[in-house]
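Novice: What follows is query.cif; its format and atoms are mmCIF, C-alpha atoms.
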```
data_query
#
loop_
_atom_site.label_atom_id
_atom_site.label_comp_id
_atom_site.auth_asym_id
_atom_site.auth_seq_id
_atom_site.Cartn_x
_atom_site.Cartn_y
_atom_site.Cartn_z
CA MET A 1 84.09 123.17 138.93
CA ASN A 2 85.34 126.28 140.78
CA ASN A 3 88.38 128.35 139.89
CA LYS A 4 90.50 126.75 142.62
CA GLU A 5 89.95 123.24 141.23
CA VAL A 6 90.69 124.45 137.72
CA LYS A 7 93.93 126.02 138.95
CA GLU A 8 94.91 122.72 140.58
CA ILE A 9 94.41 120.94 137.26
CA LYS A 10 96.45 123.55 135.41
CA ASP A 11 99.24 123.30 137.96
CA ARG A 12 99.58 119.55 137.51
CA LYS A 13 102.74 118.39 135.81
CA VAL A 14 101.72 117.47 132.28
CA LEU A 15 103.60 116.41 129.17
CA LYS A 16 104.16 119.24 126.68
CA VAL A 17 103.08 117.15 123.72
CA PHE A 18 101.48 119.90 121.66
CA GLU A 19 104.46 122.20 122.09
CA LYS A 20 106.77 119.51 120.66
CA ARG A 21 104.50 118.60 117.75
CA LYS A 22 106.94 119.84 115.08
CA ILE A 23 109.57 117.38 116.34
CA PHE A 24 107.07 114.52 116.10
CA TYR A 25 105.99 115.52 112.61
CA ALA A 26 109.61 115.83 111.46
CA ILE A 27 110.47 112.36 112.80
CA SER A 28 107.47 110.74 111.11
CA CYS A 29 107.94 112.50 107.78
CA THR A 30 111.66 111.64 107.75
CA LEU A 31 110.95 107.96 108.39
CA ILE A 32 108.28 107.80 105.70
CA ALA A 33 110.60 109.50 103.19
CA ALA A 34 113.37 107.03 104.12
CA PHE A 35 111.04 104.06 103.60
CA ILE A 36 110.06 105.35 100.16
CA ALA A 37 113.73 105.77 99.21
CA LEU A 38 114.63 102.29 100.53
CA THR A 39 111.85 100.79 98.44
CA PHE A 40 113.70 101.83 95.29
CA ILE A 41 117.18 101.14 96.67
CA LEU A 42 116.58 97.68 98.14
CA ASN A 43 113.71 96.65 95.87
CA LEU A 44 110.47 95.39 97.33
CA ASN A 45 110.03 91.68 97.99
CA VAL A 46 106.58 90.79 96.68
CA ALA A 47 105.27 87.34 97.59
CA ILE A 48 103.77 84.83 95.25
CA GLU A 49 100.21 85.81 96.24
CA PHE A 50 100.63 89.19 94.56
CA LYS A 51 103.31 88.58 91.93
CA GLY A 52 102.64 85.05 90.76
CA GLY A 53 105.11 82.18 90.68
CA THR A 54 105.55 78.51 91.51
CA ILE A 55 104.79 76.44 94.62
CA LEU A 56 106.62 73.15 95.20
CA THR A 57 105.01 70.92 97.81
CA TYR A 58 106.84 68.03 99.50
CA SER A 59 105.90 65.57 102.23
CA TYR A 60 108.43 64.65 104.90
CA ASP A 61 108.96 62.81 108.17
CA GLY A 62 110.59 64.01 111.39
CA ASP A 63 111.63 67.62 112.04
CA ILE A 64 112.96 70.17 109.56
CA LYS A 65 113.74 73.87 109.99
CA THR A 66 112.49 76.27 107.31
CA SER A 67 115.81 78.14 107.44
CA ASP A 68 117.68 74.95 106.44
CA ILE A 69 115.36 74.45 103.45
CA GLU A 70 115.85 78.07 102.37
CA ASP A 71 119.64 77.70 102.52
CA VAL A 72 119.62 74.56 100.38
CA VAL A 73 117.34 76.18 97.76
CA ALA A 74 119.47 79.34 97.63
CA ASP A 75 122.68 77.34 97.19
CA THR A 76 121.14 75.12 94.50
CA VAL A 77 119.33 77.49 92.13
CA ASP A 78 120.29 80.95 93.44
CA GLU A 79 116.62 81.86 93.86
CA LYS A 80 114.99 83.38 96.93
CA ALA A 81 112.21 81.18 98.26
CA THR A 82 109.67 81.34 101.06
CA VAL A 83 109.29 78.08 102.96
CA VAL A 84 106.14 77.20 104.92
CA LEU A 85 105.69 74.06 107.00
CA GLY A 86 102.21 72.57 107.25
CA GLU A 87 100.15 69.42 107.25
CA ASP A 88 98.04 67.68 104.63
CA THR A 89 94.62 67.33 106.27
CA ALA A 90 93.64 64.34 104.10
CA SER A 91 96.72 62.14 104.62
CA LYS A 92 97.83 63.68 107.95
CA THR A 93 101.38 63.96 106.62
CA SER A 94 103.75 66.88 107.27
CA THR A 95 104.32 69.11 104.27
CA ILE A 96 106.81 71.69 103.03
CA LYS A 97 105.69 74.40 100.63
CA ILE A 98 108.51 76.18 98.79
CA GLN A 99 107.20 79.33 97.13
CA PHE A 100 109.05 81.16 94.34
CA SER A 101 107.76 84.63 93.52
CA SER A 102 108.41 85.06 89.80
CA LYS A 103 106.37 85.96 86.73
CA GLU A 104 108.24 83.33 84.70
CA GLY A 105 107.99 80.59 87.30
CA ILE A 106 110.60 77.91 87.99
CA SER A 107 111.75 75.69 85.10
CA ASP A 108 111.57 71.89 85.24
CA ASP A 109 115.35 71.70 85.32
CA LYS A 110 115.54 73.88 88.44
CA GLN A 111 112.74 71.90 90.06
CA ASN A 112 114.69 68.68 89.56
CA LYS A 113 117.85 70.26 90.98
CA ILE A 114 115.94 71.40 94.06
CA LYS A 115 114.40 67.95 94.53
CA ASN A 116 117.77 66.19 94.28
CA ALA A 117 119.47 68.66 96.63
CA LEU A 118 116.75 68.39 99.27
CA THR A 119 116.67 64.59 99.04
CA GLU A 120 120.43 64.46 99.49
CA LYS A 121 120.46 66.96 102.37
CA PHE A 122 117.53 65.45 104.29
CA LYS A 123 118.05 61.72 103.68
CA ASP A 124 116.47 60.76 106.98
CA ASN A 125 113.29 62.77 106.41
CA ASN A 126 111.92 60.80 103.44
CA LEU A 127 111.09 63.80 101.23
CA LYS A 128 108.60 63.16 98.41
CA VAL A 129 107.13 65.51 95.80
CA LEU A 130 103.38 65.97 96.28
CA GLU A 131 102.57 68.62 93.67
CA THR A 132 103.82 71.57 91.67
CA THR A 133 101.53 74.59 91.24
CA ASP A 134 101.85 77.71 89.12
CA VAL A 135 100.10 80.78 90.58
CA ALA A 136 98.75 83.54 88.34
CA ALA A 137 99.58 87.09 89.42
CA SER A 138 96.01 88.21 88.64
CA ASN A 139 94.65 86.18 91.57
CA GLY A 140 97.04 87.90 93.95
CA LEU A 141 96.17 91.33 92.58
CA ASP A 142 92.48 90.65 93.18
CA PHE A 143 93.23 89.63 96.78
CA PHE A 144 95.39 92.73 97.30
CA LEU A 145 92.67 95.05 95.98
CA LYS A 146 90.07 93.44 98.25
CA CYS A 147 92.34 94.05 101.25
CA LEU A 148 92.75 97.70 100.25
CA VAL A 149 88.98 98.03 99.96
CA ALA A 150 88.66 96.55 103.47
CA CYS A 151 91.13 99.12 104.82
CA ALA A 152 89.34 101.99 103.05
CA PHE A 153 85.97 100.79 104.36
CA ALA A 154 87.41 100.57 107.89
CA ALA A 155 88.72 104.15 107.57
CA VAL A 156 85.29 105.48 106.49
CA ILE A 157 83.53 103.63 109.32
CA THR A 158 86.10 105.00 111.77
CA ILE A 159 85.46 108.60 110.70
CA ILE A 160 81.68 108.14 110.93
CA TYR A 161 81.88 106.44 114.33
CA ILE A 162 84.23 108.99 115.89
CA GLY A 163 82.30 111.82 114.26
CA PHE A 164 79.08 110.65 115.90
CA ARG A 165 80.53 109.68 119.27
CA PHE A 166 82.60 112.85 119.71
CA ARG A 167 80.35 115.29 117.86
CA LYS A 168 80.47 117.74 120.81
CA ILE A 169 84.21 118.29 120.29
CA GLY A 170 84.21 118.44 116.49
CA GLY A 171 83.87 114.74 115.80
CA ILE A 172 84.38 114.58 112.04
CA SER A 173 87.74 116.34 112.21
CA ALA A 174 88.75 114.10 115.12
CA GLY A 175 87.85 111.07 113.00
CA VAL A 176 89.82 112.32 110.01
CA PHE A 177 92.98 112.86 112.04
CA SER A 178 92.61 109.46 113.69
CA VAL A 179 92.68 107.99 110.17
CA VAL A 180 95.79 110.07 109.43
CA ALA A 181 97.38 108.43 112.47
CA LEU A 182 96.34 105.00 111.15
CA PHE A 183 97.98 105.77 107.80
CA HIS A 184 101.12 106.75 109.73
CA ASP A 185 101.10 103.37 111.51
CA MET A 186 100.66 101.51 108.23
CA CYS A 187 103.69 103.34 106.82
CA MET A 188 105.75 102.19 109.81
CA VAL A 189 104.66 98.59 109.25
CA TYR A 190 105.51 98.90 105.56
CA GLY A 191 108.94 100.28 106.49
CA CYS A 192 109.52 97.27 108.74
CA PHE A 193 108.80 94.91 105.83
CA VAL A 194 111.14 96.85 103.56
CA ILE A 195 114.07 97.06 106.01
CA CYS A 196 113.75 93.47 107.28
CA ARG A 197 113.35 92.19 103.69
CA PHE A 198 110.09 90.43 104.52
CA ASP A 199 107.86 89.49 101.60
CA ILE A 200 104.78 91.62 100.98
CA ASN A 201 102.24 88.83 101.41
CA ALA A 202 99.11 87.88 103.33
CA ASN A 203 100.96 88.53 106.61
CA PHE A 204 101.44 92.16 105.55
CA MET A 205 97.72 92.68 105.09
CA ALA A 206 96.93 90.80 108.31
CA VAL A 207 99.26 93.08 110.30
CA LEU A 208 97.68 96.20 108.78
CA LEU A 209 94.16 95.09 109.64
CA THR A 210 95.23 94.12 113.18
CA ILE A 211 96.92 97.49 113.74
CA LEU A 212 93.72 99.25 112.66
CA GLY A 213 91.97 97.92 115.75
CA TYR A 214 94.77 98.53 118.26
CA SER A 215 95.66 102.03 117.11
CA ILE A 216 92.13 103.37 116.82
CA ASN A 217 91.33 102.10 120.31
CA ALA A 218 94.22 104.12 121.78
CA THR A 219 93.10 107.23 119.89
CA ILE A 220 89.49 106.88 121.05
CA ILE A 221 90.64 106.66 124.67
CA ILE A 222 92.38 110.03 124.32
CA TYR A 223 89.41 111.68 122.61
CA ASP A 224 87.13 110.32 125.33
CA ARG A 225 89.33 111.84 128.04
CA ILE A 226 89.40 115.17 126.17
CA ARG A 227 85.61 115.17 126.13
CA GLU A 228 85.39 114.38 129.84
CA ASN A 229 87.96 117.02 130.78
CA GLU A 230 86.13 119.59 128.69
CA LYS A 231 83.01 118.93 130.75
CA LEU A 232 85.03 119.57 133.91
CA VAL A 233 86.90 122.74 132.95
CA GLY A 234 84.75 124.11 130.15
CA ASN A 235 86.29 127.24 128.65
CA LYS A 236 88.66 127.80 131.58
CA MET A 237 91.54 125.97 129.90
CA GLU A 238 93.08 126.46 126.47
CA LEU A 239 92.55 123.62 124.01
CA ASP A 240 96.23 122.72 123.73
CA GLN A 241 96.53 122.60 127.54
CA LEU A 242 93.41 120.42 127.71
CA VAL A 243 94.85 117.98 125.18
CA ASN A 244 98.23 117.86 126.94
CA LEU A 245 96.43 117.04 130.19
CA SER A 246 94.31 114.34 128.54
CA ILE A 247 97.32 112.72 126.87
CA THR A 248 99.22 112.73 130.17
CA GLN A 249 96.29 111.04 131.94
CA THR A 250 95.86 108.29 129.33
CA MET A 251 99.42 107.62 128.16
CA GLY A 252 100.22 105.26 131.03
CA ARG A 253 97.20 103.11 130.21
CA SER A 254 98.05 103.04 126.50
CA ILE A 255 101.67 102.06 127.17
CA HIS A 256 100.76 99.34 129.67
CA THR A 257 98.21 97.81 127.28
CA THR A 258 100.67 97.85 124.40
CA VAL A 259 103.60 96.48 126.44
CA THR A 260 101.52 93.42 127.36
CA THR A 261 100.91 92.51 123.73
CA VAL A 262 104.43 93.48 122.63
CA LEU A 263 105.93 91.14 125.23
CA ALA A 264 103.74 88.30 123.98
CA MET A 265 104.73 88.96 120.36
CA THR A 266 108.40 89.23 121.36
CA THR A 267 108.16 85.80 122.96
CA VAL A 268 106.62 84.45 119.75
CA CYS A 269 109.47 85.97 117.71
CA VAL A 270 112.14 84.44 119.94
CA VAL A 271 110.53 80.98 119.89
CA CYS A 272 110.05 81.09 116.11
CA PHE A 273 113.63 82.25 115.58
CA ILE A 274 114.95 79.34 117.63
CA ALA A 275 112.64 76.90 115.81
CA GLY A 276 113.49 78.39 112.41
CA VAL A 277 109.88 79.31 111.55
CA SER A 278 110.41 82.51 109.56
CA SER A 279 106.84 82.77 108.25
CA ILE A 280 105.45 83.62 111.70
CA ILE A 281 108.24 86.11 112.45
CA SER A 282 107.16 88.13 109.40
CA PHE A 283 103.82 88.62 111.14
CA ALA A 284 104.83 88.98 114.78
CA PHE A 285 107.75 91.41 114.43
CA PRO A 286 105.98 93.94 112.15
CA LEU A 287 103.02 93.76 114.53
CA ILE A 288 105.34 94.85 117.35
CA ILE A 289 106.54 97.80 115.28
CA GLY A 290 102.99 98.70 114.33
CA MET A 291 101.78 98.65 117.92
CA ILE A 292 104.64 100.87 119.10
CA ALA A 293 103.89 103.24 116.21
CA GLY A 294 100.22 103.15 117.22
CA VAL A 295 100.93 104.40 120.73
CA TYR A 296 103.16 107.12 119.29
CA SER A 297 100.66 108.31 116.67
CA SER A 298 97.67 108.13 119.01
CA ASN A 299 99.37 110.37 121.54
CA CYS A 300 101.60 112.60 119.42
CA ILE A 301 100.07 112.81 115.94
CA ALA A 302 96.27 112.57 115.93
CA PRO A 303 95.42 114.84 118.90
CA THR A 304 98.00 117.51 118.04
CA LEU A 305 96.80 117.70 114.42
CA TRP A 306 93.25 117.99 115.71
CA VAL A 307 94.24 120.91 117.98
CA MET A 308 95.94 122.68 115.09
CA TRP A 309 92.82 122.25 112.95
CA GLU A 310 90.53 123.55 115.70
CA LYS A 311 92.80 126.56 116.21
CA HIS A 312 92.72 127.17 112.47
CA LYS A 313 88.91 127.12 112.50
CA GLY A 314 88.96 129.39 115.57
CA LYS A 315 90.82 132.07 113.63
CA LYS A 316 87.95 132.05 111.14
CA GLY A 317 85.37 132.33 113.89
CA LYS A 318 84.28 128.71 113.63
CA GLY A 319 84.66 125.53 115.63
CA ARG A 320 85.24 124.76 119.28
CA VAL A 321 87.91 127.42 119.89
CA ALA A 322 85.69 130.20 118.57
CA LYS A 323 82.67 129.08 120.61
CA HIS A 324 84.64 128.94 123.82
CA ALA A 325 86.18 132.32 123.14
CA LYS A 326 82.69 133.81 122.88
CA LYS A 327 81.63 132.12 126.12
CA ALA A 328 84.74 133.42 127.86
CA GLN A 329 83.90 136.97 126.75
CA ARG A 330 80.37 136.67 128.16
CA THR A 331 81.67 135.45 131.52
#
```
Write the structure described by the file as C-alpha cells, please.

Specialist:
Amino acid sequence: MNNKEVKEIKDRKVLKVFEKRKIFYAISCTLIAAFIALTFILNLNVAIEFKGGTILTYSYDGDIKTSDIEDVVADTVDEKATVVLGEDTASKTSTIKIQFSSKEGISDDKQNKIKNALTEKFKDNNLKVLETTDVAASNGLDFFLKCLVACAFAAVITIIYIGFRFRKIGGISAGVFSVVALFHDMCMVYGCFVICRFDINANFMAVLLTILGYSINATIIIYDRIRENEKLVGNKMELDQLVNLSITQTMGRSIHTTVTTVLAMTTVCVVCFIAGVSSIISFAFPLIIGMIAGVYSSNCIAPTLWVMWEKHKGKKGKGRVAKHAKKAQRT
C-alpha cells in the first residue's frame, strides 16, 4: 500500500475509542462496585439448586399463571417461592412445582396451609399433591462448582485459541484481555440478577455460558480486522489509530448481529410477562443485558486494554510496538 492510500485511511472518520478508554473503565468499575455493594444491601436470592430446600409438586387442569401461584403462597406462609409449570411425561398431566429455597425446608404445617389455599383459590383447576421433595444443598454446590469449572475451561481454551490464531499480533495477550472482557460481561449479568431480584439458579449459569459464545465472537471479529489492517498499513499507522479504525469498521456488524438476538429475546420477555411465566424471563432478560455488555466490552474494553499492554511492552523494547518502531527507523 502506498503513502497516498495510507493517508486516505488515516483521514477517514473513525471513533476515538482508545482516547476515551478511561471513561469506559470508570463506568465498568463503578457498575461492578455497585453490584458488589447491592449484594450485601439487598441480599442475594439463591435458588434451591444451590441452597437446598423443598419442592412441592401439584397436578392441575386448565390454565394457571405462575404469578398467581406466587401471590397465593406469599400471602399464605410469607415465604418467597419460585413457581415452574411443566408436564409429567408419564401421566401427561400438567404440573406445578413450587420451590422454596431454605436450609430448614418447609414444615408440614406450612405445606398443608399452602395446599388448602391453592385448592380454595383454584377450585376449577382440580389441584392435587403429587409429591414433596427435600433438596440437599450439597447437590447444588456440586452443580455450581462444575459450572465454574466449565467457565474456567472455556476461558483457558479461549486464550489458547486466540493466542494461536492471532500470534502475529501478540496473540496470548489478546486472548487474556478477551477473557477480561468476558469476566466484565459476567459481572453485568450478575448485576442484572441482583437488581431484578432473580434467583441465582440454573438459568444464571446458562446465561453465563451463552454469553461466553456471543461475546468472544464479537472480540475475535475485531482482532481479525486488526490483523488484516496491519497487513495493509504495516508500520505506517500507530497501534491505537489502527485499533480505532478496526473498531469503527466492525462495530456496525457487531451491533446489527446483537440487535437481532436482543429483539428476539425482548419478544420472549414480553410474551412471558403477559403469560405470567417468570422462570423464562429470568433467562431472557439477563441474556439481553449480557449481550449488550458483550458488544460494549468487545469494542471498548478488550482492544483498548490490549493496546495499553502492547504500548507498555514497547517501552521496554518488546512486543509489536517495539518491532514496528525498529522497522520505521530502518525505512

Novice: Find, counting all atoms listed in the file, the residue in A:Leu208, A:Ile55, A:Leu245, A:Cys147 that gets nearest to Glu131 (chain A).

Specialist: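 When distances to Glu131 (chain A) are compared using all atoms listed in the file, the smallest one comes from A:Ile55.
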
Novice: Excluding Phe50 (chain A) and any residue of its chain fewer than 4 positions from it, enumerate the residues within 12 Å of it, using all atoms listed in the file, and give them as a PyMOL selection string.

Specialist: chain A and resi 44-46+100-103+135-147+199-202+204-205

Novice: Please write the residues from the selection above to a file, keeping C-alpha atoms, as a PDB file, keeping the file's coordinate frame.

Specialist:
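Saved as result_8.pdb:
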```
ATOM      1  CA  LEU A  44     110.470  95.390  97.330  1.00  0.00           C
ATOM      2  CA  ASN A  45     110.030  91.680  97.990  1.00  0.00           C
ATOM      3  CA  VAL A  46     106.580  90.790  96.680  1.00  0.00           C
ATOM      4  CA  PHE A 100     109.050  81.160  94.340  1.00  0.00           C
ATOM      5  CA  SER A 101     107.760  84.630  93.520  1.00  0.00           C
ATOM      6  CA  SER A 102     108.410  85.060  89.800  1.00  0.00           C
ATOM      7  CA  LYS A 103     106.370  85.960  86.730  1.00  0.00           C
ATOM      8  CA  VAL A 135     100.100  80.780  90.580  1.00  0.00           C
ATOM      9  CA  ALA A 136      98.750  83.540  88.340  1.00  0.00           C
ATOM     10  CA  ALA A 137      99.580  87.090  89.420  1.00  0.00           C
ATOM     11  CA  SER A 138      96.010  88.210  88.640  1.00  0.00           C
ATOM     12  CA  ASN A 139      94.650  86.180  91.570  1.00  0.00           C
ATOM     13  CA  GLY A 140      97.040  87.900  93.950  1.00  0.00           C
ATOM     14  CA  LEU A 141      96.170  91.330  92.580  1.00  0.00           C
ATOM     15  CA  ASP A 142      92.480  90.650  93.180  1.00  0.00           C
ATOM     16  CA  PHE A 143      93.230  89.630  96.780  1.00  0.00           C
ATOM     17  CA  PHE A 144      95.390  92.730  97.300  1.00  0.00           C
ATOM     18  CA  LEU A 145      92.670  95.050  95.980  1.00  0.00           C
ATOM     19  CA  LYS A 146      90.070  93.440  98.250  1.00  0.00           C
ATOM     20  CA  CYS A 147      92.340  94.050 101.250  1.00  0.00           C
ATOM     21  CA  ASP A 199     107.860  89.490 101.600  1.00  0.00           C
ATOM     22  CA  ILE A 200     104.780  91.620 100.980  1.00  0.00           C
ATOM     23  CA  ASN A 201     102.240  88.830 101.410  1.00  0.00           C
ATOM     24  CA  ALA A 202      99.110  87.880 103.330  1.00  0.00           C
ATOM     25  CA  PHE A 204     101.440  92.160 105.550  1.00  0.00           C
ATOM     26  CA  MET A 205      97.720  92.680 105.090  1.00  0.00           C
TER      27      MET A 205
END
```

Novice: Excluding same-chain residues fewer than 5 positions from Ala81 (chain A), what lies within 7 Å of it counting all atoms listed in the file, as a PyMOL selection string?

Specialist: chain A and resi 70+98-100

Novice: On this structure, the PyMOL selection byres ((chain A and resi 278) around 9) would catch which residues? List them as a ChimeraX atom specification, sorted by chain and number.

Specialist: /A:66-67,82-84,269,272-273,275-277,279-282

Novice: Would you list the contacts of Ser94 (chain A) as a list in words, taking every protein, DNA or RNA residue within 7 Å and counting only C-alpha atoms, but skipping same-chain residues closer than 2 positions in sequence?

Specialist: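 Listed by chain and then number, they are Ser59, Tyr60, Asp61, Gly86, Glu87, Asp88 and Lys92 of chain A.
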
Novice: Using all atoms listed in the file, list the residues that have an atom at most 10 Å from (111.2, 95.4, 106.4), coordinates as in the file, as number ranges by chain.

Specialist: A: 35, 38-39, 44-45, 188-200, 282, 285-286

Novice: Go ahead and compute the interatomic distance for CA of His184 (chain A) and CA of Ala152 (chain A), in Å to one decimal.

Specialist: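 CA of Ala152 (chain A) lies at a distance of 14.4 Å from CA of His184 (chain A).
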
Novice: Figure out the distance between CA of Gly171 (chain A) and CA of Leu287 (chain A), please, to one decimal in Å.

Specialist: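 One can read the CA of Leu287 (chain A) to CA of Gly171 (chain A) distance as 28.4 Å.
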
Novice: Which of these, A:Asp134, A:Glu19, A:Asp185, A:Glu230, has the shortest distance to Gly53 (chain A) once you count only C-alpha atoms?

Specialist: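 Checking each candidate against Gly53 (chain A), we get A:Asp134 as the closest.
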
Novice: Going by the chain IDs and residue numbers used in this file, which residues fall under the PyMOL selection byres ((chain A and resi 219) around 12)? Write them as a ChimeraX atom specification.

Specialist: /A:158,162,166,174-182,212-218,220-226,246-247,250-251,253-254,294-304,306

Novice: Kindly give the distance, in Å, that separates CA of Thr95 (chain A) and CA of Ile288 (chain A), rounded to a single decimal.

Specialist: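 CA of Ile288 (chain A) lies 28.9 Å from CA of Thr95 (chain A).
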
Novice: For the provided coordinates, the residues matched by the PyMOL selection byres ((chain A and resi 129) around 8) should be stated as a PDB file with C-alpha atoms, keeping the file's coordinate frame.

Specialist:
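After the write, result.pdb holds the following:
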```
ATOM      1  CA  LEU A  56     106.620  73.150  95.200  1.00  0.00           C
ATOM      2  CA  THR A  57     105.010  70.920  97.810  1.00  0.00           C
ATOM      3  CA  TYR A  58     106.840  68.030  99.500  1.00  0.00           C
ATOM      4  CA  SER A  59     105.900  65.570 102.230  1.00  0.00           C
ATOM      5  CA  LYS A 115     114.400  67.950  94.530  1.00  0.00           C
ATOM      6  CA  LEU A 127     111.090  63.800 101.230  1.00  0.00           C
ATOM      7  CA  LYS A 128     108.600  63.160  98.410  1.00  0.00           C
ATOM      8  CA  LEU A 130     103.380  65.970  96.280  1.00  0.00           C
ATOM      9  CA  GLU A 131     102.570  68.620  93.670  1.00  0.00           C
TER      10      GLU A 131
END
```

Novice: Listed atoms of region 279-291 of chain A, axis-aligned box, 4 Å per side: centre and edge lengths to one decimal in Å, as AutoDock Vina command-line options?

Specialist:
```
--center_x 105.0 --center_y 90.7 --center_z 113.1 --size_x 14.5 --size_y 23.9 --size_z 17.7
```
